[in-house]
Structures are given as structure tokens and as C-alpha cells.
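J.: This is the structure I have questions about; it appears just below.
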Amino acid sequence: MMSQQVLSISQLNDYIRGKLDADGLLNAIAVRGEISNYKVYPSGHHYFTLKDENSALKCVMFKGNAIRLRFRPDNGVKVIAMGKISVYPRDGVYQLYCTSMAMDGIGDLYAAFEQLKAKLAAQGLFDQAHKKPIPKYPGTIGIITSSAGAAIHDMLRILRKRYPLTQIRLLPVRVQGAEAPGEIAAAIRYANFHQLADLLIVGRGGGSIEDLWAFNDERVAYAIYESEIPVISAVGHEPDVTISDFVADLRAATPSNAAELAVQDRQALEQNLDAMSAAMATALVRLLKASRKHLEVLSNSPSLKSPVVYLQQRQKSLQLLQNRLVAAENQCIGRNSQRYIALTAKLDAMSPLKVLTRGYAMAQKENGEVVRSVSQVVPGEQVNVIFCDGKLQTTVTDVKENGK
């Protein structure tokens, strides 16, 4: 007989968990049931059981997923929970690790919403780098919404009150029903093609998830993403979140909030202008006072009162400058004269003519060459003998060297 493999409890639980984790269906599953034994622990994790008429399933939703819930789960509430089935090895029981949850009845729409959201996010439609800045002072605002709803009246009232300089263009569309997404997308593209506005507000008032579903349509999402005109999404009430909110350049909590975000407050602008005007007036008064003071100084100047006095002052200044130049010139000439005398005396002391005054003479040939040796001359050659007071022109009759 073949020996049978023996597993520990941990090995068995790990093996079963591996099998469950490898099952594609169990890794992304949606389960419908009624909540019971719902508990929130201090850690923030949620533990509960889903049950139907015949069975029960243990579930856990960790804090990171639980904080994204848009409703408060409670015992007896029927929900659709999405997540994966796996084994908790310590207890050896399988359970649903819940990642999201919706109240039963909107589960299919919620799942479709999450799928489209993931798809568009992967394509970059929600990237912050693609968001365009909202113009600070839009000349024209295009509103794409129903002409019959309360939302348009609220927006018009707020826009006219806050910034009446803005021109409003309404592009009426259906905001719910099968035809609504196509009409909304077409209106956005129409406004861009004809450059009808500097800013677009796209939205509607509150309603159920089914009522708001037109703004979860990918046709609307692509139209907003491709719009060259900045878009503010204003769908439903603050808790309502649609695909349009993620794609738009700016999300408003409500249509009324969109109108507030779209334009500046006239009263605030007027107050700002008044403050700037007051600051300019204060600066102008200060400048006028400074200019008047400067003018008074100039008007009291002797130069303006009597030009002759001014010319006399300038003449005195010129005379002083002239005296300084003459003094500097005389000083320079005196220094140079002393230096000249000293150099002359030094040159005179070194002059060979000075030696001649002591009784010496100097012989030169006719060409001016100084005769330093008897070997430089020959009998019959003309030689000039120079004294301190003149010269003699002589003829050499004989040449004798010392010792010969």
C-alpha cells in the first residue's frame, strides 16, 4: 500500500486557501444577502454575516474599504457585497473579504459604475494634468441642463446676483432617460464647435442613482474630456458622485455651488475695488504732499528768487576752483623745478667738461672720436685738443708709447 500523505491543519488550510485564491470566479464575486451580526471594531474593520433563507456567509470589510461606504450598513439591510472568497487559516473557515457594498436594488448600477470608473481611470480621463483652469472672469457661461428643472433657476439667480456682467447661454437637454447621455454629449460638442462660451456648467438637480445615471455614461465622459472649454460638473447633491465629476475640470457639490464657483462675487469685487481706489487716493495724496513740499523748497531757493545771486554763487565756486587749479599747478611746477635742478647738478658733476676746468685737456680726431691711446693716431694726422675754454688744432709729428 502506498503511504498516505499526512498534513498539518495549517498545511491543509493553506492548501484550501490556495485553491480558492486560484479560482477566478471567487476572486471577483458579488453576493446578495441580508446583513446580520454587524459589528465595527475599534480597529475600524467591519465584521458581519450575509444570509438568505437557507444559508449564511461570514464577511469582513477592512477599514480602508469601509471608509468609502456611501451608506451605513445595519442588521436587516439587504445588500450586494463585492469582493473575494478566501480562507482565514487560523479558524479554518472561508469568508467573503468585502471590498465594496451597495444596497440591494442598485447593485447592478453600482457595479457598472465601478467598472466604467476603472476603465476611464486607466485611460487617463481623470488625470489632474489634463484639468484646465477655470477662467476668473468668464464673459459667457454655457449651462447644459434641463430648462424645466429647478437647478437652472437656482443657477441663473445666483449668477445674476453675483456677477451680472456674465452672459448666460442655456443649452437645454434631457438629463435623465435613455436619450439624455447623447443629448448632453452633443450639447458639449456643439458649444465647443461654435465656441459659444468661456465656461460650461454641466449638471442637474438631485435624484436617485437611476435619475443621475446619464452623467455616468461614457459618451458624456468623453465629451467632457475632449472639451476645449473648461467644464464644471454640477450633478445632484453633495454626497452624489458621478463619472462626470471625475472627468470635469472642477466638481461642484450642487448646481448652486457650481454657479458660485463659476464667477466672482460682485460685492466682494466692489469692496476690493473700493479698497484699491482708497489705496490709490491715499498714495496720490501722499505724492501731492511730497511734490508740494518739494515745490516749496524750490520756490524758496535763492536761485529762483534772484538769478543774479545764483550766478554770483556759481562765480564764487568757479573762482575757488580756479584758485585750486592754479595752486595745484604752481605746486606741480615747483616740484618739477626742484627735480630739474637736482638732475642738472648731478649731470654737471658727471660731465667730462667739468674735469677740464681743473687743468686737463681732451684730444679728438677730426671725426669727433675721442683719442684714448697714442695707438689711435699716426704722425701727420690732425688732432683737436680741447680745453675748458676752447680748443687747439694740432698736427701729430711723432708718436711715442710709454717704455719705448
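Following the order of the C-alpha cells, chains are lettered A, B, ..., residues in each are numbered from 1, and ligands are numbered from 1.
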From a backbone DSSP assignment, name each residue in region 85-178 of chain A labelled helix (DSSP H, G or I), as number ranges by chain.

T.: A: 107-122, 128-130, 150-162

J.: Near Glu34 (chain A), counting only C-alpha atoms, which residues have an atom at most 8 Å away, once you skip same-chain residues fewer than 3 positions from it, shown as a compact mmCIF listing (two decimals) with N, CA and C atoms, in the first residue's frame?

T.:
# COMPACT_ATOMS: atom_id res chain seq x y z
N THR A 49 -22.34 39.06 8.89
CA THR A 49 -22.76 37.83 8.20
C THR A 49 -23.82 38.19 7.18
N LEU A 50 -23.71 37.60 5.97
CA LEU A 50 -24.75 37.71 4.96
C LEU A 50 -25.54 36.41 4.96
N LYS A 51 -26.85 36.54 4.91
CA LYS A 51 -27.67 35.32 4.95
C LYS A 51 -28.84 35.46 3.99
N ASP A 52 -29.33 34.33 3.56
CA ASP A 52 -30.60 34.27 2.83
C ASP A 52 -31.49 33.25 3.55
N ASN A 75 -28.04 45.76 10.62
CA ASN A 75 -28.71 44.46 10.60
C ASN A 75 -30.07 44.56 9.91
N GLY A 76 -30.35 43.57 9.06
CA GLY A 76 -31.62 43.53 8.36
C GLY A 76 -31.62 44.22 7.01
N VAL A 77 -30.52 44.94 6.69
CA VAL A 77 -30.44 45.64 5.40
C VAL A 77 -29.99 44.66 4.32
N LYS A 78 -30.69 44.66 3.22
CA LYS A 78 -30.32 43.79 2.10
C LYS A 78 -29.32 44.53 1.22
N VAL A 79 -28.22 43.84 0.93
CA VAL A 79 -27.13 44.48 0.19
C VAL A 79 -26.58 43.52 -0.87

J.: Please provide the set of residues having any atom within 12 Å of region 177-190 of chain A, restricted to only C-alpha atoms, with same-chain residues fewer than 3 positions apart removed, written as an NGL selection string.

T.: :A and (142-146 or 169-174 or 193-197 or 199-204 or 209-233 or 244 or 248)

J.: With only C-alpha atoms as the counted atoms, please give the residues lying no more than 10 Å from Thr99 (chain A), apart from itself and same-chain residues fewer than 3 positions off, as number ranges by chain.

T.: A: 28, 60-66, 68-69, 81-84, 96

J.: Would you output that residue set with C-alpha atoms, as a PDB file, in the first residue's frame?

T.:
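Below is the file result_14.pdb, written as the result:
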ATOM      1  CA  ALA A  28     -14.199  38.830  -8.014  1.00  0.00           C
ATOM      2  CA  VAL A  60     -15.134  41.080   6.728  1.00  0.00           C
ATOM      3  CA  MET A  61     -14.569  44.571   5.329  1.00  0.00           C
ATOM      4  CA  PHE A  62     -11.268  46.160   6.332  1.00  0.00           C
ATOM      5  CA  LYS A  63     -11.047  49.810   7.383  1.00  0.00           C
ATOM      6  CA  GLY A  64      -9.533  51.046   4.090  1.00  0.00           C
ATOM      7  CA  ASN A  65     -12.571  49.805   2.149  1.00  0.00           C
ATOM      8  CA  ALA A  66     -15.142  50.584   4.847  1.00  0.00           C
ATOM      9  CA  ARG A  68     -15.569  54.507   1.267  1.00  0.00           C
ATOM     10  CA  LEU A  69     -19.074  53.238   2.031  1.00  0.00           C
ATOM     11  CA  ALA A  81     -21.380  42.799  -1.401  1.00  0.00           C
ATOM     12  CA  MET A  82     -18.413  42.529  -3.749  1.00  0.00           C
ATOM     13  CA  GLY A  83     -15.024  41.027  -3.002  1.00  0.00           C
ATOM     14  CA  LYS A  84     -13.228  37.658  -2.931  1.00  0.00           C
ATOM     15  CA  LEU A  96     -16.010  36.953   1.965  1.00  0.00           C
TER      16      LEU A  96
END

J.: What's the 8 Å shell around Phe48 (chain A), counting only C-alpha atoms, without same-chain residues fewer than 6 positions away, as a PyMOL selection string?

T.: chain A and resi 35-39+58-60

J.: With N, CA and C atoms retained, export the selected residues as a short mmCIF file (atom, residue, chain, number, x, y, z; two decimals), in the first residue's frame.

T.:
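Heads up, here's the output in selection.cif:
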data_model
loop_
_atom_site.label_atom_id
_atom_site.label_comp_id
_atom_site.auth_asym_id
_atom_site.auth_seq_id
_atom_site.Cartn_x
_atom_site.Cartn_y
_atom_site.Cartn_z
N ILE A 35 -27.88 41.54 5.91
CA ILE A 35 -26.84 41.70 6.92
C ILE A 35 -27.37 41.26 8.29
N SER A 36 -26.52 40.55 9.02
CA SER A 36 -26.81 40.23 10.41
C SER A 36 -25.50 40.23 11.18
N ASN A 37 -25.61 40.35 12.52
CA ASN A 37 -24.43 40.35 13.40
C ASN A 37 -23.39 41.40 12.97
N TYR A 38 -23.86 42.56 12.58
CA TYR A 38 -22.94 43.61 12.08
C TYR A 38 -22.22 44.27 13.25
N LYS A 39 -20.87 44.27 13.19
CA LYS A 39 -20.06 44.85 14.26
C LYS A 39 -18.91 45.64 13.65
N LYS A 58 -19.88 34.25 6.34
CA LYS A 58 -19.14 35.22 7.14
C LYS A 58 -18.43 36.21 6.22
N CYS A 59 -18.38 37.48 6.65
CA CYS A 59 -17.78 38.53 5.83
C CYS A 59 -16.94 39.46 6.70
N VAL A 60 -15.94 40.06 6.08
CA VAL A 60 -15.13 41.08 6.73
C VAL A 60 -14.85 42.19 5.71
#

J.: Taking a cut-off of 9 Å and counting only C-alpha atoms, can you build a table that, for each residue of region 145-251 of chain A near region 263-279 of chain A, reports the nearest atom pair and how far apart they are in Å (one decimal), sorted by chain then residue number, as a tab-separated table?

T.:
residue	atom	partner	partner_atom	distance
A:Leu159	CA	A:Val263	CA	7.2
A:Lys161	CA	A:Arg266	CA	7.6
A:Arg162	CA	A:Asp265	CA	4.6
A:Tyr163	CA	A:Arg266	CA	5.3
A:Pro164	CA	A:Arg266	CA	8.0
A:Thr166	CA	A:Val263	CA	8.3

J.: Tell me, in Å to one decimal, how far CA of Ser317 (chain A) is from CA of Ile333 (chain A).

T.: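 CA of Ile333 (chain A) lies 24.3 Å from CA of Ser317 (chain A).
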
J.: Please measure the separation of CA of Asp389 (chain A) and CA of Tyr360 (chain A), giving the value in Å to one decimal.

T.: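 Value for the CA of Asp389 (chain A)-CA of Tyr360 (chain A) distance: 11.2 Å.
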
J.: For Ser10 (chain A), please output as a list in words all residues within 9 Å (counting only C-alpha atoms; exclusion window: fewer than 4 positions along the same chain).

T.: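 Once the nearby chain positions are removed, what remains is Asp14, Tyr15, Pro89, Arg90 and Gly92 of chain A.
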